[in-house]
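Q: So here's start-v6.cif, just mmCIF, C-alpha atoms:
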```cif
data_coords
loop_
_atom_site.label_atom_id
_atom_site.label_comp_id
_atom_site.auth_asym_id
_atom_site.auth_seq_id
_atom_site.Cartn_x
_atom_site.Cartn_y
_atom_site.Cartn_z
CA MET A 1 -107.29 -23.91 -41.34
CA LYS A 2 -105.34 -20.77 -42.31
CA ASN A 3 -103.08 -21.16 -39.26
CA ILE A 4 -102.45 -24.83 -40.09
CA ILE A 5 -101.44 -23.89 -43.66
CA ASN A 6 -99.11 -21.17 -42.37
CA ILE A 7 -97.44 -23.59 -39.96
CA ALA A 8 -97.01 -26.17 -42.72
CA LEU A 9 -95.42 -23.59 -45.01
CA LEU A 10 -93.08 -22.49 -42.23
CA CYS A 11 -91.91 -26.09 -41.77
CA LEU A 12 -91.32 -26.47 -45.51
CA LEU A 13 -89.33 -23.26 -45.96
CA PRO A 14 -85.92 -24.81 -45.14
CA LEU A 15 -86.40 -27.30 -47.97
CA LEU A 16 -87.42 -24.80 -50.64
CA SER A 17 -85.29 -22.78 -53.06
CA LYS A 18 -81.61 -22.13 -52.36
CA THR A 19 -82.28 -18.43 -52.96
CA GLN A 20 -82.89 -16.12 -50.01
CA PRO A 21 -85.40 -13.26 -49.52
CA ALA A 22 -83.79 -10.15 -51.00
CA ASN A 23 -85.01 -7.82 -48.25
CA LEU A 24 -83.97 -9.95 -45.25
CA LYS A 25 -80.75 -8.92 -43.48
CA PHE A 26 -78.65 -10.82 -40.93
CA GLU A 27 -79.37 -8.30 -38.21
CA ASN A 28 -83.11 -9.06 -38.56
CA LEU A 29 -82.65 -12.77 -37.81
CA ALA A 30 -83.72 -14.09 -34.40
CA THR A 31 -80.86 -14.20 -31.91
CA PRO A 32 -79.91 -17.64 -30.55
CA ASP A 33 -81.39 -19.21 -27.46
CA THR A 34 -78.96 -19.07 -24.56
CA GLY A 35 -79.43 -21.72 -21.90
CA LYS A 36 -77.48 -22.70 -18.82
CA ILE A 37 -74.98 -24.73 -20.90
CA TRP A 38 -75.64 -24.24 -24.63
CA ILE A 39 -76.19 -21.58 -27.27
CA GLN A 40 -78.50 -22.89 -30.04
CA PRO A 41 -80.39 -21.34 -32.97
CA CYS A 42 -83.93 -20.24 -32.30
CA GLN A 43 -86.50 -22.45 -34.04
CA GLY A 44 -89.68 -21.64 -35.98
CA ARG A 45 -88.54 -18.38 -37.60
CA PRO A 46 -85.51 -17.04 -39.51
CA ALA A 47 -82.62 -17.28 -37.06
CA MET A 48 -78.89 -16.77 -36.60
CA ALA A 49 -76.87 -19.97 -37.11
CA ILE A 50 -74.82 -20.01 -33.90
CA TRP A 51 -73.93 -22.97 -31.66
CA GLY A 52 -71.65 -23.46 -28.68
CA HIS A 53 -71.06 -22.88 -24.99
CA THR A 54 -72.98 -20.24 -23.07
CA ASN A 55 -69.82 -19.49 -21.06
CA GLY A 56 -67.20 -20.47 -23.61
CA LEU A 57 -66.45 -20.76 -27.30
CA SER A 58 -69.18 -20.64 -29.94
CA VAL A 59 -69.26 -20.88 -33.73
CA ALA A 60 -71.41 -19.65 -36.60
CA ILE A 61 -71.77 -20.08 -40.34
CA PRO A 62 -72.32 -17.12 -42.71
CA GLN A 63 -75.86 -16.17 -43.69
CA LEU A 64 -77.45 -13.65 -46.04
CA ASN A 65 -75.35 -10.45 -46.27
CA ILE A 66 -72.56 -11.66 -43.97
CA MET A 67 -69.16 -11.93 -45.67
CA PRO A 68 -66.77 -13.61 -46.17
CA ARG A 69 -68.52 -16.82 -47.16
CA GLY A 70 -67.22 -20.40 -46.92
CA LEU A 71 -65.90 -20.08 -43.36
CA ILE A 72 -66.86 -21.27 -39.89
CA ARG A 73 -66.64 -18.28 -37.54
CA ILE A 74 -65.27 -18.68 -34.00
CA PHE A 75 -66.31 -16.40 -31.13
CA THR A 76 -64.51 -16.18 -27.78
CA PRO A 77 -66.32 -13.71 -25.49
CA TYR A 78 -64.49 -15.16 -22.45
CA LEU A 79 -61.43 -13.28 -23.74
CA ASN A 80 -63.31 -10.02 -23.12
CA HIS A 81 -64.40 -9.80 -26.77
CA ASP A 82 -67.85 -8.73 -27.86
CA ARG A 83 -69.97 -11.86 -28.32
CA HIS A 84 -70.01 -11.71 -32.13
CA VAL A 85 -66.45 -10.52 -32.78
CA VAL A 86 -64.60 -13.21 -34.75
CA THR A 87 -61.32 -14.45 -33.25
CA ASN A 88 -60.54 -16.93 -36.04
CA PHE A 89 -62.12 -18.71 -39.01
CA ILE A 90 -61.99 -22.33 -40.16
CA ALA A 91 -62.11 -23.08 -43.89
CA MET A 92 -62.70 -26.40 -45.66
CA GLU A 93 -59.97 -27.34 -48.18
CA PRO A 94 -60.39 -30.78 -49.81
CA VAL A 95 -57.60 -32.22 -52.01
CA PRO A 96 -58.67 -34.81 -54.65
CA SER A 97 -56.87 -38.13 -54.97
CA GLY A 98 -53.73 -37.82 -57.06
CA GLN A 99 -53.64 -34.03 -56.81
CA GLU A 100 -51.94 -31.38 -54.68
CA GLN A 101 -54.23 -28.43 -55.44
CA ARG A 102 -56.73 -27.68 -52.70
CA GLY A 103 -60.34 -26.69 -53.05
CA LEU A 104 -60.89 -23.40 -51.20
CA SER A 105 -64.24 -22.88 -49.49
CA GLU A 106 -63.58 -19.19 -48.88
CA LEU A 107 -62.16 -18.21 -52.28
CA GLU A 108 -64.01 -20.32 -54.87
CA MET A 109 -67.05 -18.76 -56.50
CA SER A 110 -70.38 -20.17 -55.40
CA SER A 111 -72.14 -22.30 -58.02
CA TRP A 112 -75.50 -21.56 -56.36
CA ASP A 113 -75.23 -17.79 -55.98
CA PRO A 114 -73.92 -16.12 -59.17
CA ASP A 115 -71.14 -13.57 -58.66
CA ILE A 116 -70.70 -14.37 -54.94
CA ARG A 117 -67.34 -15.64 -53.72
CA GLY A 118 -67.28 -18.42 -51.14
CA LYS A 119 -69.12 -21.72 -50.92
CA ARG A 120 -72.47 -21.76 -49.18
CA PHE A 121 -72.62 -23.71 -45.92
CA TRP A 122 -75.76 -25.11 -44.30
CA SER A 123 -76.55 -27.02 -41.13
CA SER A 124 -78.40 -30.20 -40.19
CA ASP A 125 -79.17 -32.29 -37.13
CA ASN A 126 -78.07 -35.41 -39.05
CA ALA A 127 -75.76 -36.57 -41.84
CA ASN A 128 -78.54 -36.90 -44.44
CA GLN A 129 -79.22 -33.30 -45.46
CA THR A 130 -76.79 -33.37 -48.40
CA SER A 131 -78.92 -31.58 -50.98
CA GLY A 132 -78.80 -28.16 -49.33
CA SER A 133 -81.29 -26.33 -47.17
CA ASN A 134 -82.37 -22.80 -46.54
CA GLU A 135 -79.65 -21.11 -44.49
CA ILE A 136 -82.04 -18.84 -42.57
CA PHE A 137 -83.59 -21.85 -40.80
CA PRO A 138 -80.52 -23.46 -39.16
CA ALA A 139 -80.56 -26.78 -37.35
CA ARG A 140 -81.04 -26.66 -33.61
CA GLY A 141 -78.31 -29.24 -32.89
CA ILE A 142 -78.66 -32.48 -30.92
CA ILE A 143 -78.00 -32.65 -27.18
CA GLU A 144 -76.87 -36.05 -25.88
CA LYS A 145 -74.73 -37.53 -23.12
CA GLU A 146 -71.43 -39.35 -23.59
CA ASN A 147 -69.91 -41.00 -20.51
CA GLY A 148 -72.08 -38.77 -18.36
CA ILE A 149 -70.93 -35.57 -20.15
CA GLU A 150 -73.51 -33.54 -22.06
CA THR A 151 -72.66 -32.79 -25.71
CA LEU A 152 -74.12 -30.61 -28.47
CA SER A 153 -73.66 -31.79 -32.08
CA VAL A 154 -74.51 -30.20 -35.43
CA TYR A 155 -73.51 -31.07 -39.02
CA ILE A 156 -72.16 -28.38 -41.38
CA PHE A 157 -72.32 -29.10 -45.13
CA SER A 158 -70.70 -27.27 -48.03
CA GLU A 159 -71.99 -26.92 -51.55
CA PRO A 160 -69.84 -28.96 -54.01
CA PHE A 161 -66.33 -27.73 -54.76
CA ASP A 162 -65.06 -26.98 -58.25
CA ASN A 163 -62.78 -30.04 -58.04
CA GLY A 164 -65.72 -32.41 -57.42
CA ALA A 165 -65.33 -32.72 -53.63
CA LYS A 166 -68.55 -32.92 -51.61
CA VAL A 167 -67.74 -32.62 -47.92
CA TYR A 168 -69.19 -31.94 -44.51
CA VAL A 169 -68.12 -31.90 -40.88
CA ARG A 170 -69.79 -32.80 -37.63
CA LEU A 171 -69.15 -30.21 -34.92
CA ARG A 172 -69.42 -31.43 -31.35
CA PHE A 173 -69.14 -29.43 -28.13
CA PHE A 174 -68.52 -31.00 -24.72
CA GLN A 175 -69.98 -29.58 -21.52
CA ASN A 176 -66.68 -29.92 -19.63
CA ARG A 177 -64.47 -28.41 -22.39
CA PRO A 178 -65.74 -24.84 -22.90
CA TYR A 179 -62.76 -23.57 -24.91
CA GLU A 180 -62.67 -26.16 -27.70
CA PHE A 181 -64.81 -28.22 -30.06
CA GLU A 182 -64.45 -31.36 -32.13
CA LEU A 183 -64.61 -31.51 -35.95
CA THR A 184 -65.13 -34.87 -37.69
CA SER A 185 -64.68 -34.82 -41.48
CA TYR A 186 -66.64 -36.73 -44.13
CA THR A 187 -67.51 -36.86 -47.83
CA TYR A 188 -71.08 -37.30 -49.03
CA GLU A 189 -72.58 -39.15 -51.99
CA ASN A 190 -70.91 -38.86 -55.42
CA SER A 191 -67.90 -36.97 -54.08
CA ILE A 192 -64.59 -37.39 -55.83
CA GLU A 193 -62.12 -39.44 -53.77
CA LEU A 194 -59.84 -37.35 -51.59
CA ASN A 195 -56.17 -37.42 -50.66
CA ASN A 196 -56.81 -34.94 -47.83
CA PHE A 197 -59.57 -32.88 -46.30
CA ILE A 198 -57.75 -30.01 -44.60
CA LEU A 199 -59.53 -27.91 -42.01
CA THR A 200 -57.46 -24.77 -41.69
CA ALA A 201 -57.60 -21.93 -39.16
CA THR A 202 -57.25 -18.96 -41.48
CA MET A 203 -56.93 -15.77 -39.45
CA GLY A 204 -53.93 -16.09 -37.16
CA ASN A 205 -53.01 -12.49 -37.97
CA LYS A 206 -55.98 -11.18 -35.94
CA ALA A 207 -54.34 -12.44 -32.71
CA ARG A 208 -50.83 -12.07 -34.18
CA LEU A 209 -49.85 -15.69 -33.55
CA ARG A 210 -46.04 -15.83 -33.76
CA THR A 211 -44.71 -18.77 -31.74
CA LEU A 212 -45.11 -22.48 -32.49
CA TYR A 213 -44.75 -24.80 -29.50
CA LEU A 214 -43.36 -28.18 -30.51
CA ASP A 215 -42.12 -31.19 -28.57
CA LYS A 216 -38.49 -30.18 -28.02
CA TYR A 217 -38.33 -26.62 -29.32
CA GLU A 218 -40.20 -23.46 -30.20
CA LYS A 219 -40.23 -21.81 -33.62
CA SER A 220 -41.13 -18.19 -34.31
CA SER A 221 -42.57 -16.73 -37.50
CA ALA A 222 -39.62 -14.32 -37.62
CA ASP A 223 -37.21 -17.28 -37.56
CA ILE A 224 -39.01 -19.00 -40.45
CA TRP A 225 -39.40 -15.90 -42.69
CA PRO A 226 -36.82 -13.36 -41.45
CA TYR A 227 -36.75 -11.27 -44.64
CA TYR A 228 -40.29 -11.53 -45.97
CA THR A 229 -42.02 -8.13 -46.37
CA ASP A 230 -44.35 -8.76 -49.31
CA ASP A 231 -48.16 -8.38 -49.12
CA ALA A 232 -49.01 -11.98 -50.10
CA PHE A 233 -48.92 -15.31 -48.25
CA THR A 234 -45.56 -16.90 -47.56
CA PRO A 235 -44.97 -20.47 -48.78
CA HIS A 236 -46.13 -23.18 -46.38
CA THR A 237 -43.72 -24.58 -43.81
CA PHE A 238 -44.17 -28.19 -42.67
CA PHE A 239 -43.56 -29.93 -39.34
CA PRO A 240 -43.63 -33.75 -39.07
CA LEU A 241 -45.49 -35.73 -36.43
CA LYS A 242 -42.23 -36.49 -34.57
CA ASP A 243 -41.87 -32.75 -33.83
CA MET A 244 -45.33 -32.42 -32.27
CA ILE A 245 -46.29 -32.83 -28.65
CA GLN A 246 -48.25 -36.04 -28.05
CA ASP A 247 -50.25 -37.08 -25.00
CA ALA A 248 -50.82 -40.48 -23.40
CA LYS A 249 -53.71 -41.24 -25.77
CA GLY A 250 -51.46 -40.62 -28.79
CA PHE A 251 -53.20 -37.36 -29.72
CA ALA A 252 -50.90 -34.93 -31.60
CA TYR A 253 -50.94 -31.22 -30.68
CA PHE A 254 -50.08 -28.30 -32.97
CA ILE A 255 -49.98 -25.19 -30.74
CA VAL A 256 -49.48 -21.49 -31.54
CA ALA A 257 -49.65 -18.32 -29.47
CA PRO A 258 -48.83 -14.60 -29.66
CA ASN A 259 -45.44 -13.35 -28.46
CA GLU A 260 -46.99 -10.21 -26.94
CA LYS A 261 -48.07 -9.99 -23.31
CA ASP A 262 -50.87 -7.56 -24.15
CA PRO A 263 -51.80 -7.46 -27.87
CA SER A 264 -54.42 -4.78 -27.19
CA THR A 265 -51.66 -2.16 -26.69
CA ALA A 266 -50.31 -2.50 -30.25
CA ILE A 267 -49.83 0.58 -32.41
CA TYR A 268 -51.30 0.12 -35.89
CA ALA A 269 -50.30 1.70 -39.17
CA GLU A 270 -52.51 4.50 -40.40
CA GLY A 271 -55.38 3.08 -42.46
CA THR A 272 -55.50 -0.33 -40.75
CA HIS A 273 -59.12 -1.48 -40.72
CA GLN A 274 -60.78 -1.53 -37.31
CA HIS A 275 -61.67 -5.25 -37.56
CA TRP A 276 -57.96 -6.20 -37.42
CA LYS A 277 -57.41 -4.43 -34.10
CA TYR A 278 -57.18 -7.04 -31.36
CA THR A 279 -58.75 -6.32 -27.99
CA GLY A 280 -59.15 -8.50 -24.93
CA LYS A 281 -57.02 -11.17 -23.33
CA VAL A 282 -54.16 -13.06 -24.94
CA ALA A 283 -54.91 -16.72 -25.75
CA THR A 284 -53.35 -19.97 -26.97
CA GLN A 285 -54.76 -21.62 -30.10
CA TYR A 286 -54.32 -25.27 -31.03
CA TRP A 287 -55.24 -28.17 -33.26
CA ILE A 288 -55.31 -31.78 -32.08
CA SER A 289 -55.26 -34.85 -34.33
CA THR A 290 -56.93 -37.69 -32.43
CA ASN A 291 -55.55 -40.48 -34.63
CA PRO A 292 -52.27 -39.30 -36.18
CA SER A 293 -50.22 -41.36 -38.61
CA LYS A 294 -46.61 -41.16 -39.75
CA GLU A 295 -47.86 -38.91 -42.57
CA THR A 296 -49.47 -36.37 -40.23
CA GLN A 297 -48.00 -32.87 -40.60
CA GLY A 298 -48.52 -29.50 -38.96
CA ILE A 299 -48.46 -26.68 -41.51
CA VAL A 300 -48.22 -22.89 -41.25
CA ASN A 301 -47.94 -19.96 -43.59
CA GLY A 302 -47.50 -16.31 -42.76
CA ARG A 303 -48.30 -12.74 -43.70
CA TYR A 304 -46.43 -9.48 -43.21
CA THR A 305 -49.49 -7.36 -44.04
CA TYR A 306 -53.11 -7.93 -43.15
CA TRP A 307 -55.20 -9.85 -45.68
CA ALA A 308 -56.31 -7.82 -48.71
CA SER A 309 -54.45 -4.73 -47.50
CA LYS A 310 -51.07 -3.02 -47.50
CA SER A 311 -51.21 -2.43 -43.73
CA PRO A 312 -48.20 -4.03 -41.99
CA ILE A 313 -48.96 -6.20 -38.97
CA PRO A 314 -47.71 -4.59 -35.73
CA GLY A 315 -44.57 -6.38 -34.54
CA GLY A 316 -43.80 -8.02 -37.86
CA ILE A 317 -44.73 -11.18 -39.71
CA SER A 318 -47.09 -13.64 -38.02
CA PHE A 319 -48.73 -16.96 -38.80
CA GLU A 320 -51.92 -16.70 -40.84
CA ASN A 321 -53.08 -20.27 -41.65
CA PHE A 322 -52.26 -23.11 -39.29
CA GLU A 323 -53.54 -26.62 -39.77
CA ILE A 324 -53.00 -30.35 -39.58
CA LYS A 325 -52.71 -32.36 -42.80
CA GLU A 326 -53.01 -36.15 -42.99
CA PRO A 327 -54.45 -38.81 -45.33
CA PHE A 328 -58.24 -38.53 -45.55
CA LYS A 329 -60.52 -41.16 -44.09
CA ASN A 330 -64.21 -40.67 -43.44
CA GLY A 331 -64.45 -40.00 -39.74
CA ASN A 332 -61.08 -38.29 -39.22
CA ARG A 333 -61.51 -36.46 -35.93
CA TYR A 334 -59.84 -33.20 -34.87
CA ILE A 335 -60.16 -30.75 -32.00
CA PHE A 336 -59.71 -26.99 -32.28
CA GLY A 337 -59.34 -24.80 -29.24
CA ILE A 338 -58.68 -21.25 -28.08
CA THR A 339 -57.78 -21.28 -24.39
CA PRO A 340 -57.02 -18.35 -22.07
CA GLU A 341 -54.24 -20.47 -20.54
CA SER A 342 -50.68 -19.57 -21.44
CA PRO A 343 -49.05 -22.00 -23.89
CA LEU A 344 -46.67 -23.26 -21.21
CA ASP A 345 -49.48 -23.91 -18.72
CA PHE A 346 -51.53 -25.64 -21.41
CA ILE A 347 -48.57 -27.82 -22.46
CA LYS A 348 -47.81 -28.66 -18.83
CA LYS A 349 -51.32 -30.08 -18.43
CA VAL A 350 -50.96 -32.10 -21.64
CA ARG A 351 -47.67 -33.57 -20.44
CA GLU A 352 -49.02 -34.24 -16.94
CA ASP A 353 -51.75 -36.36 -18.50
CA ASN A 354 -48.94 -38.62 -19.69
#
```
Using the file provided, produce a representation of the structure as structure tokens.

A:
Amino acid sequence: MKNIINIALLCLLPLLSKTQPANLKFENLATPDTGKIWIQPCQGRPAMAIWGHTNGLSVAIPQLNIMPRGLIRIFTPYLNHDRHVVTNFIAMEPVPSGQEQRGLSELEMSSWDPDIRGKRFWSSDNANQTSGSNEIFPARGIIEKENGIETLSVYIFSEPFDNGAKVYVRLRFFQNRPYEFELTSYTYENSIELNNFILTATMGNKARLRTLYLDKYEKSSADIWPYYTDDAFTPHTFFPLKDMIQDAKGFAYFIVAPNEKDPSTAIYAEGTHQHWKYTGKVATQYWISTNPSKETQGIVNGRYTYWASKSPIPGGISFENFEIKEPFKNGNRYIFGITPESPLDFIKKVREDN
């Protein structure tokens, strides 16, 4: 009987208080199961919330003492990075109807955890877990087949934003696309209506992304902000749908890449934190809108110094946030990727599909 009670309590733990055990640290969580195709959280005990491809890209959400909060982490070990070194983050930024000001999942204070910055994220195997769950017992994710291709899906929810937005995304990985994943955006019950729900890649400075690849031209960060040397974000710069590369399906691509052949050889200013120092292979990063409209825009901003520091970025200003913005509809579907292909090789394949 004692064992039965213990098992029952274990099953209930994810649904209990939003607080976490004070003495439990991330490094003590069970590492994910790694199969032939998929990485998935271990079940039945406190576990790391990591999902993705065994031989490709994987993602995680923050847990316990891991900071910053309010961000989806992206890992790319196929670029010769350590498995849990973050290459980029994705933040959730909902914009209420009739407003321009964004909610900021990374920068808003949590309403559930006093004095902690960043919204809490949690995971679910379905779209119904809107009330929050214990982050140390992540969802396993659902494996299915679509047109003969195996997929892994998991839902990531955010606690409510200060502006009244209540949002979540479904992440889906495809067996035959190891360097990208799909994000489908939604609101849940009692959310304020939204103009936009922007999913933004927030750490372009880590890879020093400096060149935008558009339909008929390229644009560098140095061309956009030739004189900027402050330690804040630049203003946003906008690119309309007509400037983006589109494929035969009508998907719109917003593509950025470094301008360095080997970013790992950069010389950093004294005092630059170790986590900004890029190692491994160069890669191309991209967003895809799968159902663009005439209002679809690609947006970038830049930084001359690394975030929260005075350390200048080697080689000059680079893109920090890059994103696609369009009118919100439940079920808007995007793809984010980090491919070891060069931007020109990647674009050639996109155009050949036409």

Q: Which polymer residues have any atom within 8 Å of an atom of A:Glu180, counting all atoms listed in the file, with same-chain residues fewer than 3 positions away left out, as a list in words?

A: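 That gives Leu57, Phe173, Arg177, Ile335, Phe336, Gly337, Ile338 and Thr339 of chain A.
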
Q: Under the rule that all atoms listed in the file are counted, which of A:Gln285, A:Thr202, A:Thr279, A:Ser264 is the nearest residue to A:Glu320?

A: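 Going through A:Gln285, A:Thr202, A:Thr279, A:Ser264 one by one, the smallest distance to A:Glu320 is for A:Thr202.
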
Q: What is the atom CA of A:Gln274-atom CA of A:Arg117 distance in Å, reported with one decimal?

A: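 So the two atoms, atom CA of A:Gln274 and atom CA of A:Arg117, lie 22.6 Å apart.
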
Q: Kindly resolve the PyMOL selection byres ((chain A and resi 27) around 10) on the present coordinates and return the residues as a PyMOL selection string.

A: chain A and resi 24-26+28-31+47-48+64-66

Q: Just checking: using all atoms listed in the file, which residue out of A:Pro292, A:Gly315, A:Pro240, A:Pro138 ends up closest to A:Ala207?

A: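 Among the listed residues, the smallest separation from A:Ala207 belongs to A:Gly315.
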
Q: Using all atoms listed in the file, which residues sit within 12 Å of A:Glu182 once same-chain residues fewer than 6 positions away are excluded, as a CSV table (one decimal) with C-alpha atoms, in the frame of the given file?

A:
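around.csv written:
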```csv
chain,number,residue,atom,x,y,z
A,52,GLY,CA,-71.6,-23.5,-28.7
A,57,LEU,CA,-66.4,-20.8,-27.3
A,58,SER,CA,-69.2,-20.6,-29.9
A,59,VAL,CA,-69.3,-20.9,-33.7
A,151,THR,CA,-72.7,-32.8,-25.7
A,152,LEU,CA,-74.1,-30.6,-28.5
A,153,SER,CA,-73.7,-31.8,-32.1
A,154,VAL,CA,-74.5,-30.2,-35.4
A,155,TYR,CA,-73.5,-31.1,-39.0
A,169,VAL,CA,-68.1,-31.9,-40.9
A,170,ARG,CA,-69.8,-32.8,-37.6
A,171,LEU,CA,-69.2,-30.2,-34.9
A,172,ARG,CA,-69.4,-31.4,-31.4
A,173,PHE,CA,-69.1,-29.4,-28.1
A,174,PHE,CA,-68.5,-31.0,-24.7
A,199,LEU,CA,-59.5,-27.9,-42.0
A,286,TYR,CA,-54.3,-25.3,-31.0
A,287,TRP,CA,-55.2,-28.2,-33.3
A,288,ILE,CA,-55.3,-31.8,-32.1
A,289,SER,CA,-55.3,-34.8,-34.3
A,290,THR,CA,-56.9,-37.7,-32.4
A,331,GLY,CA,-64.4,-40.0,-39.7
A,332,ASN,CA,-61.1,-38.3,-39.2
A,333,ARG,CA,-61.5,-36.5,-35.9
A,334,TYR,CA,-59.8,-33.2,-34.9
A,335,ILE,CA,-60.2,-30.8,-32.0
A,336,PHE,CA,-59.7,-27.0,-32.3
A,337,GLY,CA,-59.3,-24.8,-29.2
```

Q: Residues picked by the PyMOL selection byres ((chain A and resi 38) around 8) here, as a PyMOL selection string?

A: chain A and resi 34-37+39-40+51-54+152

Q: Could you tell me how far atom CA of A:Ile192 sits from atom CA of A:Gln99, in Å to one decimal place?

A: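 Atom-to-atom, atom CA of A:Gln99 to atom CA of A:Ile192, that is 11.5 Å.
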
Q: Selection in question (the file shown): the PyMOL selection byres ((chain A and resi 242-249) around 6). Which residues does it include, as a PyMOL selection string?

A: chain A and resi 214-215+240-241+250-253+354

Q: Nearest to A:Pro94 among A:Gly148, A:Pro327, A:Pro263, A:Gly118, with distances taken over all atoms listed in the file: which residue is it?

A: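 Using all atoms listed in the file, the shortest distance to A:Pro94 belongs to A:Pro327.
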
Q: Quick one: distance from atom CA of A:Tyr213 to atom CA of A:Pro178 in Å, one decimal?

A: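 Separation of atom CA of A:Tyr213 and atom CA of A:Pro178: 22.0 Å.
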
Q: Which residue, A:Phe75, A:Trp122, A:Pro258, A:Gln175, has the smallest gap to A:Thr87 when you use only C-alpha atoms?

A: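 Selected residue with least distance to A:Thr87: A:Phe75.
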
Q: Determine, counting only C-alpha atoms, which protein, DNA and RNA residues have an atom within 8 Å of an atom of A:Glu106; residues of the same chain fewer than 2 positions away are not included. Present the result as a ChimeraX atom specification.

A: /A:68-71,91-92,104,108,117-119

Q: Restricting the calculation to all atoms listed in the file: of A:Gly298, A:Pro114, A:Pro312, A:Pro340, which residue gets closest to A:Ile324?

A: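 The answer is A:Gly298, which sits nearest to A:Ile324.
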
Q: List the spatial neighbours of A:Phe121 as an MDAnalysis selection string - criterion: any atom at most 8 Å away, only C-alpha atoms, same-chain residues fewer than 3 positions off excluded.

A: chainID A and resid 61:62 70 135 156:159

Q: Choose the residue, out of A:Ser124, A:Lys261, A:Lys206, A:Thr200, that has the smallest atom-to-atom separation from A:Tyr168; count only C-alpha atoms.

A: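 That would be A:Ser124, the residue with the smallest distance to A:Tyr168.
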